[in-house]
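Data file: run.cif. Format and content: mmCIF, N, CA, C and O atoms.
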data_run
#
loop_
_atom_site.label_atom_id
_atom_site.label_comp_id
_atom_site.auth_asym_id
_atom_site.auth_seq_id
_atom_site.Cartn_x
_atom_site.Cartn_y
_atom_site.Cartn_z
N MET Z 1 93.05 121.01 125.53
CA MET Z 1 93.39 119.61 125.38
C MET Z 1 93.33 119.25 123.91
O MET Z 1 92.44 119.68 123.19
N TYR Z 2 94.30 118.49 123.46
CA TYR Z 2 94.32 117.93 122.12
C TYR Z 2 94.27 116.42 122.23
O TYR Z 2 94.96 115.83 123.06
N CYS Z 3 93.46 115.79 121.40
CA CYS Z 3 93.36 114.33 121.35
C CYS Z 3 93.48 113.92 119.89
O CYS Z 3 92.99 114.60 119.00
N GLY Z 4 94.11 112.79 119.64
CA GLY Z 4 94.20 112.32 118.27
C GLY Z 4 95.08 111.11 118.12
O GLY Z 4 95.42 110.44 119.10
N LYS Z 5 95.47 110.86 116.87
CA LYS Z 5 96.33 109.74 116.54
C LYS Z 5 97.46 110.26 115.64
O LYS Z 5 97.24 111.16 114.85
N VAL Z 6 98.61 109.65 115.80
CA VAL Z 6 99.75 109.96 114.95
C VAL Z 6 100.23 108.65 114.34
O VAL Z 6 100.38 107.65 115.06
N ILE Z 7 100.45 108.65 113.03
CA ILE Z 7 101.09 107.51 112.38
C ILE Z 7 102.52 107.95 112.10
O ILE Z 7 102.76 108.82 111.28
N ARG Z 8 103.45 107.35 112.83
CA ARG Z 8 104.85 107.73 112.69
C ARG Z 8 105.42 107.21 111.38
O ARG Z 8 104.84 106.34 110.73
N GLN Z 9 106.58 107.71 111.01
CA GLN Z 9 107.23 107.28 109.77
C GLN Z 9 107.58 105.81 109.78
O GLN Z 9 107.67 105.18 108.73
N ASP Z 10 107.76 105.23 110.97
CA ASP Z 10 108.08 103.81 111.04
C ASP Z 10 106.83 102.93 111.06
O ASP Z 10 106.91 101.72 111.21
N GLY Z 11 105.63 103.55 110.93
CA GLY Z 11 104.38 102.80 110.85
C GLY Z 11 103.68 102.59 112.18
O GLY Z 11 102.57 102.07 112.22
N ARG Z 12 104.32 102.95 113.31
CA ARG Z 12 103.69 102.83 114.61
C ARG Z 12 102.58 103.86 114.73
O ARG Z 12 102.68 104.97 114.22
N VAL Z 13 101.49 103.47 115.41
CA VAL Z 13 100.34 104.37 115.60
C VAL Z 13 100.26 104.72 117.08
O VAL Z 13 100.23 103.84 117.94
N ILE Z 14 100.20 106.01 117.37
CA ILE Z 14 100.20 106.50 118.73
C ILE Z 14 98.92 107.32 118.95
O ILE Z 14 98.63 108.24 118.20
N ASP Z 15 98.14 106.95 119.98
CA ASP Z 15 97.00 107.75 120.43
C ASP Z 15 97.52 108.72 121.47
O ASP Z 15 98.35 108.35 122.31
N PHE Z 16 97.04 109.96 121.42
CA PHE Z 16 97.49 110.92 122.42
C PHE Z 16 96.36 111.77 122.95
O PHE Z 16 95.38 112.02 122.26
N ASP Z 17 96.49 112.15 124.20
CA ASP Z 17 95.65 113.15 124.86
C ASP Z 17 96.63 114.09 125.54
O ASP Z 17 97.33 113.69 126.47
N ILE Z 18 96.69 115.32 125.07
CA ILE Z 18 97.62 116.29 125.65
C ILE Z 18 96.81 117.31 126.44
O ILE Z 18 95.95 117.99 125.89
N ASP Z 19 97.10 117.39 127.72
CA ASP Z 19 96.43 118.33 128.61
C ASP Z 19 97.37 119.50 128.87
O ASP Z 19 98.41 119.33 129.51
N PHE Z 20 97.04 120.68 128.36
CA PHE Z 20 97.92 121.83 128.49
C PHE Z 20 97.90 122.43 129.89
O PHE Z 20 98.85 123.10 130.29
N ASP Z 21 96.85 122.19 130.64
CA ASP Z 21 96.76 122.72 132.00
C ASP Z 21 97.48 121.83 133.02
O ASP Z 21 97.97 122.32 134.03
N ALA Z 22 97.50 120.55 132.77
CA ALA Z 22 98.14 119.62 133.71
C ALA Z 22 98.88 118.55 132.90
O ALA Z 22 98.31 117.51 132.55
N ALA Z 23 100.13 118.82 132.60
CA ALA Z 23 100.91 117.93 131.73
C ALA Z 23 100.98 116.50 132.27
O ALA Z 23 101.10 115.55 131.49
N ASP Z 24 100.87 116.33 133.58
CA ASP Z 24 100.91 114.97 134.15
C ASP Z 24 99.74 114.11 133.71
O ASP Z 24 99.82 112.88 133.79
N TYR Z 25 98.68 114.72 133.24
CA TYR Z 25 97.51 113.97 132.77
C TYR Z 25 97.58 113.64 131.28
O TYR Z 25 96.71 112.98 130.75
N SER Z 26 98.59 114.11 130.60
CA SER Z 26 98.77 113.81 129.18
C SER Z 26 99.20 112.36 129.02
O SER Z 26 99.96 111.84 129.85
N ILE Z 27 98.71 111.72 127.97
CA ILE Z 27 99.09 110.32 127.74
C ILE Z 27 99.43 110.10 126.27
O ILE Z 27 98.89 110.74 125.37
N TRP Z 28 100.36 109.21 126.04
CA TRP Z 28 100.75 108.73 124.72
C TRP Z 28 100.68 107.21 124.79
O TRP Z 28 101.36 106.61 125.61
N THR Z 29 99.87 106.58 123.94
CA THR Z 29 99.68 105.14 123.99
C THR Z 29 99.91 104.55 122.60
O THR Z 29 99.32 104.99 121.62
N ASP Z 30 100.76 103.53 122.53
CA ASP Z 30 101.01 102.84 121.26
C ASP Z 30 99.83 101.90 121.00
O ASP Z 30 99.61 100.95 121.75
N THR Z 31 99.06 102.17 119.96
CA THR Z 31 97.88 101.37 119.61
C THR Z 31 98.03 100.74 118.23
O THR Z 31 97.04 100.47 117.55
N THR Z 32 99.26 100.48 117.84
CA THR Z 32 99.54 99.98 116.49
C THR Z 32 98.79 98.70 116.18
O THR Z 32 98.16 98.58 115.12
N ASP Z 33 98.83 97.72 117.09
CA ASP Z 33 98.19 96.43 116.81
C ASP Z 33 96.68 96.57 116.60
O ASP Z 33 96.12 96.02 115.64
N ALA Z 34 96.02 97.32 117.48
CA ALA Z 34 94.57 97.52 117.35
C ALA Z 34 94.25 98.30 116.08
O ALA Z 34 93.26 97.99 115.39
N PHE Z 35 95.06 99.28 115.76
CA PHE Z 35 94.84 100.08 114.55
C PHE Z 35 94.95 99.20 113.31
O PHE Z 35 94.12 99.29 112.40
N HIS Z 36 95.97 98.34 113.27
CA HIS Z 36 96.15 97.46 112.10
C HIS Z 36 95.00 96.45 111.97
O HIS Z 36 94.60 96.12 110.85
N GLU Z 37 94.46 95.99 113.10
CA GLU Z 37 93.29 95.10 113.03
C GLU Z 37 92.10 95.82 112.39
O GLU Z 37 91.41 95.25 111.54
N ILE Z 38 91.86 97.05 112.81
CA ILE Z 38 90.77 97.84 112.22
C ILE Z 38 91.02 98.04 110.74
O ILE Z 38 90.12 97.88 109.91
N TYR Z 39 92.25 98.38 110.39
CA TYR Z 39 92.59 98.61 108.98
C TYR Z 39 92.38 97.35 108.13
O TYR Z 39 91.71 97.40 107.11
N GLU Z 40 92.93 96.24 108.57
CA GLU Z 40 92.82 95.00 107.80
C GLU Z 40 91.38 94.55 107.66
O GLU Z 40 90.97 94.06 106.61
N LYS Z 41 90.60 94.71 108.71
CA LYS Z 41 89.20 94.28 108.70
C LYS Z 41 88.35 95.14 107.76
O LYS Z 41 87.39 94.66 107.17
N ASN Z 42 88.70 96.41 107.60
CA ASN Z 42 87.82 97.35 106.91
C ASN Z 42 88.37 97.95 105.61
O ASN Z 42 87.66 98.69 104.95
N LYS Z 43 89.59 97.60 105.22
CA LYS Z 43 90.17 98.26 104.04
C LYS Z 43 89.40 97.97 102.75
O LYS Z 43 89.37 98.82 101.87
N SER Z 44 88.76 96.82 102.66
CA SER Z 44 87.98 96.51 101.45
C SER Z 44 86.52 96.87 101.60
O SER Z 44 85.90 97.38 100.66
N SER Z 45 85.96 96.62 102.78
CA SER Z 45 84.52 96.84 102.95
C SER Z 45 84.16 98.28 103.31
O SER Z 45 83.06 98.73 102.99
N LYS Z 46 85.07 99.00 103.95
CA LYS Z 46 84.78 100.37 104.38
C LYS Z 46 85.98 101.28 104.10
O LYS Z 46 86.62 101.81 105.02
N PRO Z 47 86.31 101.48 102.84
CA PRO Z 47 87.51 102.28 102.52
C PRO Z 47 87.39 103.75 102.93
O PRO Z 47 88.38 104.46 102.90
N TRP Z 48 86.21 104.20 103.33
CA TRP Z 48 86.01 105.59 103.74
C TRP Z 48 86.32 105.83 105.22
O TRP Z 48 86.33 106.97 105.67
N MET Z 49 86.55 104.75 105.98
CA MET Z 49 86.83 104.93 107.40
C MET Z 49 88.09 105.75 107.60
O MET Z 49 89.07 105.61 106.85
N LYS Z 50 88.10 106.61 108.61
CA LYS Z 50 89.24 107.49 108.83
C LYS Z 50 90.52 106.70 109.07
O LYS Z 50 91.60 107.13 108.65
N GLU Z 51 90.43 105.54 109.73
CA GLU Z 51 91.62 104.72 109.95
C GLU Z 51 92.19 104.19 108.64
O GLU Z 51 93.40 104.17 108.45
N VAL Z 52 91.32 103.78 107.73
CA VAL Z 52 91.76 103.25 106.45
C VAL Z 52 92.37 104.36 105.61
O VAL Z 52 93.46 104.20 105.04
N ILE Z 53 91.72 105.49 105.55
CA ILE Z 53 92.22 106.62 104.76
C ILE Z 53 93.56 107.08 105.31
O ILE Z 53 94.52 107.30 104.56
N ALA Z 54 93.67 107.23 106.65
CA ALA Z 54 94.90 107.70 107.25
C ALA Z 54 96.05 106.75 106.97
O ALA Z 54 97.15 107.19 106.62
N TYR Z 55 95.81 105.46 107.10
CA TYR Z 55 96.89 104.50 106.87
C TYR Z 55 97.28 104.46 105.41
O TYR Z 55 98.46 104.40 105.08
N ASP Z 56 96.31 104.52 104.51
CA ASP Z 56 96.61 104.52 103.09
C ASP Z 56 97.42 105.75 102.69
O ASP Z 56 98.32 105.67 101.87
N LEU Z 57 97.09 106.90 103.28
CA LEU Z 57 97.83 108.13 102.97
C LEU Z 57 99.24 108.11 103.53
O LEU Z 57 100.13 108.76 102.98
N SER Z 58 99.44 107.39 104.63
CA SER Z 58 100.75 107.38 105.26
C SER Z 58 101.72 106.42 104.57
O SER Z 58 102.93 106.52 104.74
N ALA Z 59 101.17 105.50 103.82
CA ALA Z 59 102.03 104.47 103.20
C ALA Z 59 102.84 105.00 102.03
O ALA Z 59 102.64 105.95 101.44
#

Represent the supplied structure as structure tokens.
Amino acid sequence: MYCGKVIRQDGRVIDFDIDFDAADYSIWTDTTDAFHEIYEKNKSSKPWMKEVIAYDLSA
């Protein structure tokens, strides 16, 4: 199983859980709005957060 986040070239953020044994259990969820809330709230106070670093690197 792989789990993670992808920041697409268009700026959308997708959470994924890929189950290699049972593909029907794999999920892809657009979490862009929640991700941007975390980023905006923490970009100045917690620049070391993985969400902030990932978004800054993708820009």

Excluding Asp15 in chain Z and its own-chain neighbours fewer than 5 positions away, which residues fall within 4.5 Å of it when counting only N, CA, C and O atoms? Please give them as number ranges by chain. Z: 4-5, 27-29

Using only C-alpha atoms, can you tell me which of Z:Asp10, Z:Asp19, Z:Asp56, Z:Asp30 comes closest to Ser44 in chain Z?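 The answer is Z:Asp56, which sits nearest to Ser44 in chain Z.
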
Please report the interatomic distance between CA of Val13 in chain Z and CA of Lys41 in chain Z in Å with one decimal. 16.5 Å

Work out how far CA of Asp17 in chain Z is from CA of His36 in chain Z, in Å to one decimal.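 Separation of CA of His36 in chain Z and CA of Asp17 in chain Z: 20.2 Å.
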
Show me, as a list in words, the residues that have an atom within 9 Å of Phe20 in chain Z when counting only C-alpha atoms, minus same-chain residues fewer than 3 positions from it. Met1, Tyr2, Ala23, Tyr25 and Ser26 of chain Z

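Atom pair CA of Met49 in chain Z / CA of Gly11 in chain Z has a distance of 18.0 Å (rounded to one decimal).
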
From (93.8, 99.2, 109.5), in the file's coordinates, out to 12 Å: which residues are reached, counting only C-alpha atoms? Answer as a ChimeraX atom specification. /Z:7,11-13,31-59

So which residues of chain Z fall under strand (DSSP E or B) by DSSP, listed as a list in words?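 Of chain Z, the ones in strand (DSSP E or B) are Tyr2, Cys3, Gly4, Lys5, Val6, Ile7, Val13, Ile14, Asp15, Phe16, Asp17, Ile18, Ile27, Trp28, Thr29 and Asp30 of chain Z.
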
Taking the structure I provided as the source, export range 28-41 of chain Z with all heavy atoms, as a PDB file, in the first residue's frame.
ATOM      1  N   TRP Z  28      -8.605   8.113  -4.168  1.00  0.00           N
ATOM      2  CA  TRP Z  28      -8.009   9.385  -4.556  1.00  0.00           C
ATOM      3  C   TRP Z  28      -8.995  10.455  -4.125  1.00  0.00           C
ATOM      4  O   TRP Z  28     -10.144  10.442  -4.550  1.00  0.00           O
ATOM      5  CB  TRP Z  28      -7.796   9.448  -6.063  1.00  0.00           C
ATOM      6  CG  TRP Z  28      -6.821   8.442  -6.576  1.00  0.00           C
ATOM      7  CD1 TRP Z  28      -7.075   7.136  -6.852  1.00  0.00           C
ATOM      8  CD2 TRP Z  28      -5.451   8.656  -6.853  1.00  0.00           C
ATOM      9  NE1 TRP Z  28      -5.936   6.521  -7.294  1.00  0.00           N
ATOM     10  CE2 TRP Z  28      -4.911   7.427  -7.305  1.00  0.00           C
ATOM     11  CE3 TRP Z  28      -4.604   9.759  -6.754  1.00  0.00           C
ATOM     12  CZ2 TRP Z  28      -3.581   7.281  -7.651  1.00  0.00           C
ATOM     13  CZ3 TRP Z  28      -3.280   9.612  -7.118  1.00  0.00           C
ATOM     14  CH2 TRP Z  28      -2.782   8.395  -7.560  1.00  0.00           C
ATOM     15  N   THR Z  29      -8.569  11.386  -3.267  1.00  0.00           N
ATOM     16  CA  THR Z  29      -9.466  12.405  -2.735  1.00  0.00           C
ATOM     17  C   THR Z  29      -8.859  13.784  -2.949  1.00  0.00           C
ATOM     18  O   THR Z  29      -7.709  14.033  -2.581  1.00  0.00           O
ATOM     19  CB  THR Z  29      -9.691  12.177  -1.220  1.00  0.00           C
ATOM     20  OG1 THR Z  29     -10.098  10.833  -1.010  1.00  0.00           O
ATOM     21  CG2 THR Z  29     -10.728  13.125  -0.681  1.00  0.00           C
ATOM     22  N   ASP Z  30      -9.636  14.683  -3.531  1.00  0.00           N
ATOM     23  CA  ASP Z  30      -9.181  16.064  -3.724  1.00  0.00           C
ATOM     24  C   ASP Z  30      -9.307  16.797  -2.388  1.00  0.00           C
ATOM     25  O   ASP Z  30     -10.408  16.983  -1.873  1.00  0.00           O
ATOM     26  CB  ASP Z  30     -10.027  16.747  -4.786  1.00  0.00           C
ATOM     27  CG  ASP Z  30      -9.502  18.124  -5.157  1.00  0.00           C
ATOM     28  OD1 ASP Z  30      -8.916  18.814  -4.294  1.00  0.00           O
ATOM     29  OD2 ASP Z  30      -9.698  18.521  -6.315  1.00  0.00           O
ATOM     30  N   THR Z  31      -8.178  17.189  -1.810  1.00  0.00           N
ATOM     31  CA  THR Z  31      -8.157  17.874  -0.509  1.00  0.00           C
ATOM     32  C   THR Z  31      -7.550  19.274  -0.633  1.00  0.00           C
ATOM     33  O   THR Z  31      -6.984  19.805   0.318  1.00  0.00           O
ATOM     34  CB  THR Z  31      -7.360  17.056   0.526  1.00  0.00           C
ATOM     35  OG1 THR Z  31      -6.026  16.854   0.035  1.00  0.00           O
ATOM     36  CG2 THR Z  31      -8.017  15.711   0.794  1.00  0.00           C
ATOM     37  N   THR Z  32      -7.703  19.866  -1.794  1.00  0.00           N
ATOM     38  CA  THR Z  32      -7.077  21.159  -2.072  1.00  0.00           C
ATOM     39  C   THR Z  32      -7.476  22.224  -1.069  1.00  0.00           C
ATOM     40  O   THR Z  32      -6.618  22.945  -0.537  1.00  0.00           O
ATOM     41  CB  THR Z  32      -7.424  21.618  -3.497  1.00  0.00           C
ATOM     42  OG1 THR Z  32      -6.990  20.609  -4.420  1.00  0.00           O
ATOM     43  CG2 THR Z  32      -6.753  22.938  -3.828  1.00  0.00           C
ATOM     44  N   ASP Z  33      -8.772  22.358  -0.786  1.00  0.00           N
ATOM     45  CA  ASP Z  33      -9.227  23.428   0.112  1.00  0.00           C
ATOM     46  C   ASP Z  33      -8.640  23.276   1.517  1.00  0.00           C
ATOM     47  O   ASP Z  33      -8.139  24.249   2.093  1.00  0.00           O
ATOM     48  CB  ASP Z  33     -10.751  23.459   0.172  1.00  0.00           C
ATOM     49  CG  ASP Z  33     -11.371  23.851  -1.163  1.00  0.00           C
ATOM     50  OD1 ASP Z  33     -10.689  24.513  -1.971  1.00  0.00           O
ATOM     51  OD2 ASP Z  33     -12.532  23.486  -1.390  1.00  0.00           O
ATOM     52  N   ALA Z  34      -8.679  22.062   2.056  1.00  0.00           N
ATOM     53  CA  ALA Z  34      -8.126  21.828   3.396  1.00  0.00           C
ATOM     54  C   ALA Z  34      -6.616  22.049   3.402  1.00  0.00           C
ATOM     55  O   ALA Z  34      -6.063  22.613   4.358  1.00  0.00           O
ATOM     56  CB  ALA Z  34      -8.450  20.413   3.857  1.00  0.00           C
ATOM     57  N   PHE Z  35      -5.943  21.631   2.353  1.00  0.00           N
ATOM     58  CA  PHE Z  35      -4.494  21.809   2.254  1.00  0.00           C
ATOM     59  C   PHE Z  35      -4.142  23.296   2.240  1.00  0.00           C
ATOM     60  O   PHE Z  35      -3.220  23.727   2.932  1.00  0.00           O
ATOM     61  CB  PHE Z  35      -3.968  21.120   0.991  1.00  0.00           C
ATOM     62  CG  PHE Z  35      -2.476  21.061   0.908  1.00  0.00           C
ATOM     63  CD1 PHE Z  35      -1.784  19.969   1.414  1.00  0.00           C
ATOM     64  CD2 PHE Z  35      -1.749  22.078   0.319  1.00  0.00           C
ATOM     65  CE1 PHE Z  35      -0.399  19.899   1.341  1.00  0.00           C
ATOM     66  CE2 PHE Z  35      -0.373  22.020   0.234  1.00  0.00           C
ATOM     67  CZ  PHE Z  35       0.310  20.929   0.742  1.00  0.00           C
ATOM     68  N   HIS Z  36      -4.882  24.082   1.462  1.00  0.00           N
ATOM     69  CA  HIS Z  36      -4.608  25.530   1.389  1.00  0.00           C
ATOM     70  C   HIS Z  36      -4.875  26.221   2.723  1.00  0.00           C
ATOM     71  O   HIS Z  36      -4.161  27.164   3.082  1.00  0.00           O
ATOM     72  CB  HIS Z  36      -5.417  26.177   0.266  1.00  0.00           C
ATOM     73  CG  HIS Z  36      -4.801  25.972  -1.072  1.00  0.00           C
ATOM     74  ND1 HIS Z  36      -4.005  26.884  -1.688  1.00  0.00           N
ATOM     75  CD2 HIS Z  36      -4.847  24.905  -1.894  1.00  0.00           C
ATOM     76  CE1 HIS Z  36      -3.587  26.420  -2.834  1.00  0.00           C
ATOM     77  NE2 HIS Z  36      -4.079  25.203  -2.991  1.00  0.00           N
ATOM     78  N   GLU Z  37      -5.882  25.759   3.469  1.00  0.00           N
ATOM     79  CA  GLU Z  37      -6.122  26.317   4.807  1.00  0.00           C
ATOM     80  C   GLU Z  37      -4.923  26.064   5.715  1.00  0.00           C
ATOM     81  O   GLU Z  37      -4.488  26.966   6.436  1.00  0.00           O
ATOM     82  CB  GLU Z  37      -7.370  25.696   5.427  1.00  0.00           C
ATOM     83  CG  GLU Z  37      -8.662  26.232   4.882  1.00  0.00           C
ATOM     84  CD  GLU Z  37      -9.871  25.588   5.542  1.00  0.00           C
ATOM     85  OE1 GLU Z  37      -9.776  25.223   6.738  1.00  0.00           O
ATOM     86  OE2 GLU Z  37     -10.900  25.455   4.859  1.00  0.00           O
ATOM     87  N   ILE Z  38      -4.405  24.847   5.693  1.00  0.00           N
ATOM     88  CA  ILE Z  38      -3.218  24.521   6.501  1.00  0.00           C
ATOM     89  C   ILE Z  38      -2.046  25.381   6.069  1.00  0.00           C
ATOM     90  O   ILE Z  38      -1.327  25.946   6.898  1.00  0.00           O
ATOM     91  CB  ILE Z  38      -2.872  23.023   6.373  1.00  0.00           C
ATOM     92  CG1 ILE Z  38      -3.938  22.176   7.039  1.00  0.00           C
ATOM     93  CG2 ILE Z  38      -1.500  22.724   6.976  1.00  0.00           C
ATOM     94  CD1 ILE Z  38      -3.824  20.683   6.750  1.00  0.00           C
ATOM     95  N   TYR Z  39      -1.862  25.511   4.764  1.00  0.00           N
ATOM     96  CA  TYR Z  39      -0.744  26.309   4.245  1.00  0.00           C
ATOM     97  C   TYR Z  39      -0.855  27.777   4.675  1.00  0.00           C
ATOM     98  O   TYR Z  39       0.096  28.336   5.213  1.00  0.00           O
ATOM     99  CB  TYR Z  39      -0.702  26.210   2.720  1.00  0.00           C
ATOM    100  CG  TYR Z  39       0.337  27.119   2.118  1.00  0.00           C
ATOM    101  CD1 TYR Z  39       1.686  26.786   2.173  1.00  0.00           C
ATOM    102  CD2 TYR Z  39      -0.014  28.325   1.504  1.00  0.00           C
ATOM    103  CE1 TYR Z  39       2.651  27.632   1.645  1.00  0.00           C
ATOM    104  CE2 TYR Z  39       0.939  29.168   0.972  1.00  0.00           C
ATOM    105  CZ  TYR Z  39       2.272  28.816   1.043  1.00  0.00           C
ATOM    106  OH  TYR Z  39       3.225  29.651   0.526  1.00  0.00           O
ATOM    107  N   GLU Z  40      -1.999  28.379   4.445  1.00  0.00           N
ATOM    108  CA  GLU Z  40      -2.177  29.796   4.780  1.00  0.00           C
ATOM    109  C   GLU Z  40      -2.026  30.049   6.272  1.00  0.00           C
ATOM    110  O   GLU Z  40      -1.452  31.055   6.679  1.00  0.00           O
ATOM    111  CB  GLU Z  40      -3.529  30.302   4.287  1.00  0.00           C
ATOM    112  CG  GLU Z  40      -3.628  30.440   2.787  1.00  0.00           C
ATOM    113  CD  GLU Z  40      -2.642  31.434   2.199  1.00  0.00           C
ATOM    114  OE1 GLU Z  40      -2.309  32.446   2.863  1.00  0.00           O
ATOM    115  OE2 GLU Z  40      -2.189  31.197   1.073  1.00  0.00           O
ATOM    116  N   LYS Z  41      -2.533  29.141   7.086  1.00  0.00           N
ATOM    117  CA  LYS Z  41      -2.468  29.301   8.541  1.00  0.00           C
ATOM    118  C   LYS Z  41      -1.033  29.177   9.059  1.00  0.00           C
ATOM    119  O   LYS Z  41      -0.670  29.810  10.051  1.00  0.00           O
ATOM    120  CB  LYS Z  41      -3.347  28.246   9.198  1.00  0.00           C
ATOM    121  CG  LYS Z  41      -3.372  28.307  10.700  1.00  0.00           C
ATOM    122  CD  LYS Z  41      -4.285  27.235  11.265  1.00  0.00           C
ATOM    123  CE  LYS Z  41      -4.230  27.249  12.783  1.00  0.00           C
ATOM    124  NZ  LYS Z  41      -5.031  26.169  13.359  1.00  0.00           N
TER     125      LYS Z  41
END
